[in-house]
Structure formats: C-alpha cells, structure tokens
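Participant: Before I ask anything, here is the structure I am working with.
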Amino acid sequence: MDVAVITRIRILIIDNVVSAKKYLTSPLEKIGFRDIQYVESTSRALLAIEKLPFDLIICAYSIQTEHDGLYFYEQLLQLKLLNSKTGFIFTSTTTSFEIIQSIVDLPPDDFIAKPVDTQKLEKRINRVYKKKQLMSATCEFIEQQKYNSALTEVDKVLSSQNNRELFPIALKTKGDVLLLSQRYTDAGAFFTSMLKIQALSWAEVGFIKCLIALDQDDEAEKKIINLACKRETKTIGYELLAILHVKHNKFDEALESALMATESSPKNFKRQNTARLLAKLSHDHETEFDITKRMLTFAKNSVKESPELYKNAVRAGIDYAMSAEPKQLHDIMNATKQFLTQLKKNYVIE
C-alpha cells in the first residue's frame, strides 16, 4: 500500500482490555498509520462512528464490560453505519469453533487472532483495503437490488489478473448475486463449474439452494445430509434441511433440524428466532419458551436486548403454562412474571 494512502486511512480500535491499546496501536504505527482512535466500549465507538467515517474498524470479538463485539457489528449493519468502503476486522485471543462459526455467519472482512503480528496485520489490512476499493460498487448495487449492474461490476474484478487475490470473494459474491436475482438455472451452472475446480462449501450450499428452488428436492436432501455429516458444514446443513422441511409443511421435522443448527451457533439470533417460530407453528410451547429464555440470556446487556424479546418470552410462558402439567406451573409462571416485571422496569410500554 502506498505511504500517502496509509497516512490518510482513519482507523478505529474497539477493545476493553487496557493492554490492547498498546499491542494494536504499536504495530499499526510501525506500518505507518497515523490517524488511529481507540475506545474501550461500543457505546463510545458508536458515537465516534456517527461523528465521522472510518476506513477501518478493528474490534474485539468479545467486549466483556459491555456489548459483545458480535452484536455491535450486527447493530452497525442494521443502522447502515458501515458504508461499502469501511473495512471491519474482528480480533480475539481464542479461536474456538463457536467463535469461528459466529464469524462465518456474519461475516466481517477479516479475523485476526491475538497477539497481532505486524507483518500479518499489514498484509490483512492491505487485502481488506483493496477488497473494499474494488468491490464497493458491487456491494452498492446489491444493496440497491440492481443485480445486473452488480454482476457487471463483479465480472470487471474477475477480468483482471491484478485482482487475483480477490477472486475467491468475487466468485462467491457472483454466486450470491445470481441467487438474489433468482436466476437459479444460471446459478446452478455457475456453482457446478466452481465445484469442478474445488470442493468449496459456499458453492455446495449455493447449488443446494438452486436445487430446492428448482424443485429437485430429493437430490437436494442427499447433498444436505452430506453437509450435515461434516463438522465444518453441520450448521448450514441442518439450516438447509429445515428450509426443505418447511417447504413440505413438515414443521416438526423442520423444528428438529433448526434446533440442531442452533446448537453450534447459539448467538445467531436469526437461527434462534427461526427455531422459535417453528416451535410456535408446531405447538411445542415448552421448546418455544426455552428458546425465548435462551435468546434473552444471550441478549442481556447487549444491543440485541429489546422489549420484543421480553414480550415473546411472556407470551411463550403463558402458552406453555396453559398446556403444562400442574407440577410445572409454579416454575413457569414465576419465570414469566419475572420477564414481565423486567419488561415494565426497562421499557415504557404503550
């Protein structure tokens, strides 16, 4: 990266560990970055981001004193505070399967394990910066649902050998756009061509989605089972199986598959909520109540905590109480009353 470019890049570091300021700022300064801001909480980070745009945000995956970095990133996406040219990198001292799965679900632009190596950090930032510069037009067209224009832009990236290091993300993006535009026959052919070159998980998943959309469900189910049998693709495999069961109105089977998907990614609220809705459709009030309680536990003191979560827990508790055994009623109603009390305490209910 050119020195003149480096000095212009504005970086925000978010980490509540005091030593992180030194261990992250020092290697960045060695690389040549000068405009570096450090905050120890997501609330301060939000204020900083609302005040002025950053080219790169480096955030701890877990910010123990306040909101989890995972939820903070989702909040930025929901509020549209990350423009197409802002890079986002997670850092973490641990690399457990749960963390990796959570990151894959989002995903951010990169993930760096601590302690940070200066040379590796420079290489990662260069790649993220180049990706943001070259892929921003594609991302903007996707957000505007101008999929033909997005395909044109991503093909421009793929047409130059100078962008070779970005080919993997550009190819995956092309597959995503073909699915978004519902060009399932074209998408299926594209994913098939990718799989002939390499066994790529995203291409397998994309191909299965095409099979489901094209009503080739038997073939889709065989491939889904193969995904579900592998640890690295187990979560998405069960998620796809739930989608297939819903298509055939098999809500009990869909719920079972959705619950399997949530096991390896418990902090994924989209999957948890899907399981909750399936439990409601299946009239499995006990499971619905358990899921709402679990969602509240993970959301506590984070940007995910909301009155709707408490309302869902109260409704699920009442439904469960009406169908439960007499000996279970005391515990169910106590928990439900606590959720209702917390709802009234934390929020103004109209």
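Convention: chains lettered A, B, ... in structure tokens order; per-chain residue numbering from 1; ligands numbered from 1 as shown.
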Please list as a list in words every residue within 9 Å of stretch 148-162 of chain A, counting only C-alpha atoms and excluding residues in the same chain fewer than 4 positions away.
Facilitator: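 Surrounding residues, per the criterion: Leu134, Met135, Ala137, Thr138, Cys139, Glu140, Phe141, Ile142, Leu166, Phe167, Ala170, Leu171, Thr173, Lys174, Val177, Leu178 and Ser181 of chain A.
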Participant: Take the residues just selected and output them with C-alpha atoms as a PDB file, in the first residue's frame.
Facilitator:
ATOM      1  CA  LEU A 134     -12.621  -2.849  -5.812  1.00  0.00           C
ATOM      2  CA  MET A 135     -15.836  -4.417  -4.503  1.00  0.00           C
ATOM      3  CA  ALA A 137     -19.533  -0.648  -6.435  1.00  0.00           C
ATOM      4  CA  THR A 138     -20.745  -4.267  -6.486  1.00  0.00           C
ATOM      5  CA  CYS A 139     -21.898  -4.020  -2.850  1.00  0.00           C
ATOM      6  CA  GLU A 140     -23.726  -0.751  -3.500  1.00  0.00           C
ATOM      7  CA  PHE A 141     -25.605  -2.250  -6.446  1.00  0.00           C
ATOM      8  CA  ILE A 142     -26.548  -5.300  -4.354  1.00  0.00           C
ATOM      9  CA  LEU A 166      -9.708 -11.173  -4.600  1.00  0.00           C
ATOM     10  CA  PHE A 167     -11.013 -13.888  -6.925  1.00  0.00           C
ATOM     11  CA  ALA A 170     -15.514 -12.061  -6.033  1.00  0.00           C
ATOM     12  CA  LEU A 171     -16.605 -15.532  -7.184  1.00  0.00           C
ATOM     13  CA  THR A 173     -20.238 -12.686  -4.458  1.00  0.00           C
ATOM     14  CA  LYS A 174     -21.160 -13.556  -8.036  1.00  0.00           C
ATOM     15  CA  VAL A 177     -25.954 -12.201  -6.727  1.00  0.00           C
ATOM     16  CA  LEU A 178     -27.204 -14.935  -9.065  1.00  0.00           C
ATOM     17  CA  SER A 181     -31.700 -12.323  -8.708  1.00  0.00           C
TER      18      SER A 181
END
Participant: I'd like the contact shell of A:Leu278 - 12 Å cut-off, only C-alpha atoms, skipping same-chain residues fewer than 4 positions apart - returned as an NGL selection string.
Facilitator: :A and (242-243 or 245-246 or 249-259 or 271-274 or 282-285 or 287-288 or 291)
Participant: Closest to A:Ile125 among A:Ile9, A:Ile103, A:Leu179, A:Ile36, using only C-alpha atoms?
Facilitator: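 Smallest distance to A:Ile125 is found for A:Ile9.
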Participant: Which is closest to A:Ile13 among A:Gln101, A:Gln37, A:Asn301, A:Ser26, if we use only C-alpha atoms?
Facilitator: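 Nearest candidate to A:Ile13 out of A:Gln101, A:Gln37, A:Asn301, A:Ser26: A:Gln37.
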Participant: What does the distance from atom CA of A:Leu52 to atom CA of A:Ser306 come to in Å, to one decimal?
Facilitator: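 Atom CA of A:Ser306 lies at a distance of 27.1 Å from atom CA of A:Leu52.
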Participant: Enumerate, as an NGL selection string, the complete set of residues in stretch 35-87 of chain A that a backbone-based DSSP assignment places in strand (DSSP E or B).
Facilitator: :A and (35-39 or 56-60 or 87)
Participant: Could those selected residues go to a file with N, CA, C and O atoms, as a PDB file, in the first residue's frame?
Facilitator:
ATOM      1  N   ASP A  35      -3.606   8.099  11.786  1.00  0.00           N
ATOM      2  CA  ASP A  35      -4.928   8.509  12.265  1.00  0.00           C
ATOM      3  C   ASP A  35      -5.612   7.315  12.932  1.00  0.00           C
ATOM      4  O   ASP A  35      -6.414   6.605  12.323  1.00  0.00           O
ATOM      5  N   ILE A  36      -5.270   7.090  14.203  1.00  0.00           N
ATOM      6  CA  ILE A  36      -5.772   5.927  14.943  1.00  0.00           C
ATOM      7  C   ILE A  36      -6.510   6.400  16.188  1.00  0.00           C
ATOM      8  O   ILE A  36      -5.969   7.138  17.000  1.00  0.00           O
ATOM      9  N   GLN A  37      -7.746   5.966  16.342  1.00  0.00           N
ATOM     10  CA  GLN A  37      -8.539   6.313  17.522  1.00  0.00           C
ATOM     11  C   GLN A  37      -8.862   5.033  18.285  1.00  0.00           C
ATOM     12  O   GLN A  37      -9.184   4.000  17.688  1.00  0.00           O
ATOM     13  N   TYR A  38      -8.765   5.100  19.610  1.00  0.00           N
ATOM     14  CA  TYR A  38      -9.011   3.927  20.458  1.00  0.00           C
ATOM     15  C   TYR A  38     -10.151   4.221  21.424  1.00  0.00           C
ATOM     16  O   TYR A  38     -10.185   5.275  22.058  1.00  0.00           O
ATOM     17  N   VAL A  39     -11.106   3.308  21.528  1.00  0.00           N
ATOM     18  CA  VAL A  39     -12.178   3.402  22.527  1.00  0.00           C
ATOM     19  C   VAL A  39     -12.325   2.043  23.198  1.00  0.00           C
ATOM     20  O   VAL A  39     -12.008   1.004  22.617  1.00  0.00           O
ATOM     21  N   LEU A  56     -11.323   1.864   8.461  1.00  0.00           N
ATOM     22  CA  LEU A  56     -11.121   0.529   9.020  1.00  0.00           C
ATOM     23  C   LEU A  56     -11.492   0.522  10.492  1.00  0.00           C
ATOM     24  O   LEU A  56     -11.109   1.417  11.249  1.00  0.00           O
ATOM     25  N   ILE A  57     -12.267  -0.502  10.899  1.00  0.00           N
ATOM     26  CA  ILE A  57     -12.624  -0.697  12.305  1.00  0.00           C
ATOM     27  C   ILE A  57     -12.060  -2.041  12.754  1.00  0.00           C
ATOM     28  O   ILE A  57     -12.322  -3.067  12.122  1.00  0.00           O
ATOM     29  N   ILE A  58     -11.262  -2.018  13.819  1.00  0.00           N
ATOM     30  CA  ILE A  58     -10.704  -3.244  14.394  1.00  0.00           C
ATOM     31  C   ILE A  58     -11.354  -3.427  15.757  1.00  0.00           C
ATOM     32  O   ILE A  58     -11.159  -2.620  16.668  1.00  0.00           O
ATOM     33  N   CYS A  59     -12.154  -4.475  15.905  1.00  0.00           N
ATOM     34  CA  CYS A  59     -12.986  -4.649  17.101  1.00  0.00           C
ATOM     35  C   CYS A  59     -12.755  -6.000  17.766  1.00  0.00           C
ATOM     36  O   CYS A  59     -12.682  -7.035  17.087  1.00  0.00           O
ATOM     37  N   ALA A  60     -12.650  -6.002  19.095  1.00  0.00           N
ATOM     38  CA  ALA A  60     -12.548  -7.256  19.847  1.00  0.00           C
ATOM     39  C   ALA A  60     -13.846  -8.040  19.685  1.00  0.00           C
ATOM     40  O   ALA A  60     -14.937  -7.456  19.747  1.00  0.00           O
ATOM     41  N   GLY A  87     -13.829  -1.078   6.126  1.00  0.00           N
ATOM     42  CA  GLY A  87     -13.436  -2.445   6.470  1.00  0.00           C
ATOM     43  C   GLY A  87     -13.695  -2.732   7.937  1.00  0.00           C
ATOM     44  O   GLY A  87     -13.592  -1.835   8.784  1.00  0.00           O
TER      45      GLY A  87
END
Participant: Go through A:Asp68, A:Ile89, A:Leu79, A:Ala113 and flag the residue nearest A:Leu12, using only C-alpha atoms for the distances.
Facilitator: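 Under the stated criterion, the closest residue is A:Ile89.
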Participant: Could you tell me how far atom CA of A:Asn83 sits from atom CA of A:Asp55, in Å to one decimal place?
Facilitator: 9.2 Å
Participant: Need the shell around stretch 224-229 of chain A: protein/DNA/RNA residues with any atom at most 10 Å away, counting only C-alpha atoms. Skip same-chain ones fewer than 2 positions apart. Format as an MDAnalysis selection string?
Facilitator: chainID A and resid 201 204:205 208:209 218:222 231:241 244 257 260:261
Participant: Just the selected residues (N, CA and C atoms), exported as a compact mmCIF listing (two decimals), in the first residue's frame, please.
Facilitator:
# COMPACT_ATOMS: atom_id res chain seq x y z
N SER A 201 -17.28 -24.99 0.07
CA SER A 201 -18.52 -25.10 0.85
C SER A 201 -19.59 -24.14 0.37
N GLU A 204 -21.22 -25.47 -2.69
CA GLU A 204 -22.11 -26.59 -2.37
C GLU A 204 -23.45 -26.07 -1.85
N VAL A 205 -23.37 -25.12 -0.93
CA VAL A 205 -24.58 -24.53 -0.35
C VAL A 205 -25.40 -23.83 -1.42
N ILE A 208 -27.19 -26.33 -3.63
CA ILE A 208 -28.34 -26.93 -2.95
C ILE A 208 -29.54 -25.98 -2.95
N LYS A 209 -29.28 -24.69 -2.73
CA LYS A 209 -30.36 -23.70 -2.77
C LYS A 209 -31.02 -23.67 -4.15
N ASP A 218 -35.25 -34.23 -3.85
CA ASP A 218 -34.58 -35.49 -3.48
C ASP A 218 -33.07 -35.35 -3.59
N GLU A 219 -32.63 -34.75 -4.68
CA GLU A 219 -31.19 -34.54 -4.88
C GLU A 219 -30.66 -33.55 -3.84
N ALA A 220 -31.44 -32.53 -3.54
CA ALA A 220 -31.04 -31.53 -2.55
C ALA A 220 -30.87 -32.18 -1.18
N GLU A 221 -31.82 -33.07 -0.81
CA GLU A 221 -31.76 -33.71 0.50
C GLU A 221 -30.50 -34.57 0.65
N LYS A 222 -30.14 -35.30 -0.39
CA LYS A 222 -28.93 -36.13 -0.34
C LYS A 222 -27.70 -35.27 -0.08
N ARG A 231 -18.40 -31.64 10.30
CA ARG A 231 -18.42 -30.66 11.39
C ARG A 231 -18.42 -29.22 10.89
N GLU A 232 -17.60 -28.95 9.87
CA GLU A 232 -17.45 -27.58 9.41
C GLU A 232 -18.68 -27.05 8.66
N THR A 233 -19.53 -27.97 8.18
CA THR A 233 -20.74 -27.53 7.46
C THR A 233 -22.02 -28.05 8.12
N LYS A 234 -21.90 -28.56 9.33
CA LYS A 234 -23.05 -29.13 10.03
C LYS A 234 -24.17 -28.09 10.22
N THR A 235 -23.79 -26.89 10.63
CA THR A 235 -24.79 -25.86 10.93
C THR A 235 -25.61 -25.49 9.71
N ILE A 236 -24.94 -25.16 8.62
CA ILE A 236 -25.66 -24.77 7.41
C ILE A 236 -26.43 -25.95 6.83
N GLY A 237 -25.90 -27.17 7.05
CA GLY A 237 -26.59 -28.37 6.57
C GLY A 237 -27.95 -28.52 7.22
N TYR A 238 -27.99 -28.39 8.55
CA TYR A 238 -29.27 -28.51 9.26
C TYR A 238 -30.19 -27.32 8.97
N GLU A 239 -29.60 -26.16 8.74
CA GLU A 239 -30.41 -25.00 8.38
C GLU A 239 -31.12 -25.23 7.04
N LEU A 240 -30.39 -25.77 6.07
CA LEU A 240 -30.99 -26.08 4.77
C LEU A 240 -32.03 -27.18 4.87
N LEU A 241 -31.77 -28.15 5.76
CA LEU A 241 -32.74 -29.24 5.96
C LEU A 241 -34.04 -28.69 6.54
N LEU A 244 -35.97 -27.13 3.74
CA LEU A 244 -36.59 -28.15 2.89
C LEU A 244 -37.84 -28.72 3.56
N SER A 257 -34.54 -29.93 12.96
CA SER A 257 -33.35 -29.54 12.20
C SER A 257 -32.87 -28.16 12.62
N MET A 260 -30.94 -28.27 15.82
CA MET A 260 -29.59 -28.78 15.59
C MET A 260 -28.68 -27.67 15.06
N ALA A 261 -29.23 -26.82 14.20
CA ALA A 261 -28.45 -25.72 13.64
C ALA A 261 -28.07 -24.71 14.71
Participant: I'd like the contact shell of A:Arg8 - 9 Å cut-off, only C-alpha atoms, skipping same-chain residues fewer than 5 positions apart - returned as a PyMOL selection string.
Facilitator: chain A and resi 3+33-35
Participant: Filtering to C-alpha atoms, could you give me those residues as a PDB file, in the first residue's frame?
Facilitator:
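File written: again-v2.pdb
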ATOM      1  CA  VAL A   3       2.646   5.552   2.008  1.00  0.00           C
ATOM      2  CA  PHE A  33      -0.772   4.549  10.082  1.00  0.00           C
ATOM      3  CA  ARG A  34      -1.191   7.827  11.943  1.00  0.00           C
ATOM      4  CA  ASP A  35      -4.928   8.509  12.265  1.00  0.00           C
TER       5      ASP A  35
END
Participant: Using only C-alpha atoms, which residues sit within 10 Å of A:Ala321 once same-chain residues fewer than 6 positions away are excluded, as a list of chain:residue names?
Facilitator: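 Close residues of A:Ala321: A:His285, A:Glu286, A:Phe289, A:Arg315, A:Gln328, A:Leu329, A:His330, A:Asp331, A:Ile332, A:Met333, A:Thr336.
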Participant: Have a look at atom CA of A:Asn334 and atom CA of A:Lys267 and let me know their distance in Å, one decimal.
Facilitator: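 Between atom CA of A:Asn334 and atom CA of A:Lys267 the gap is 25.3 Å.
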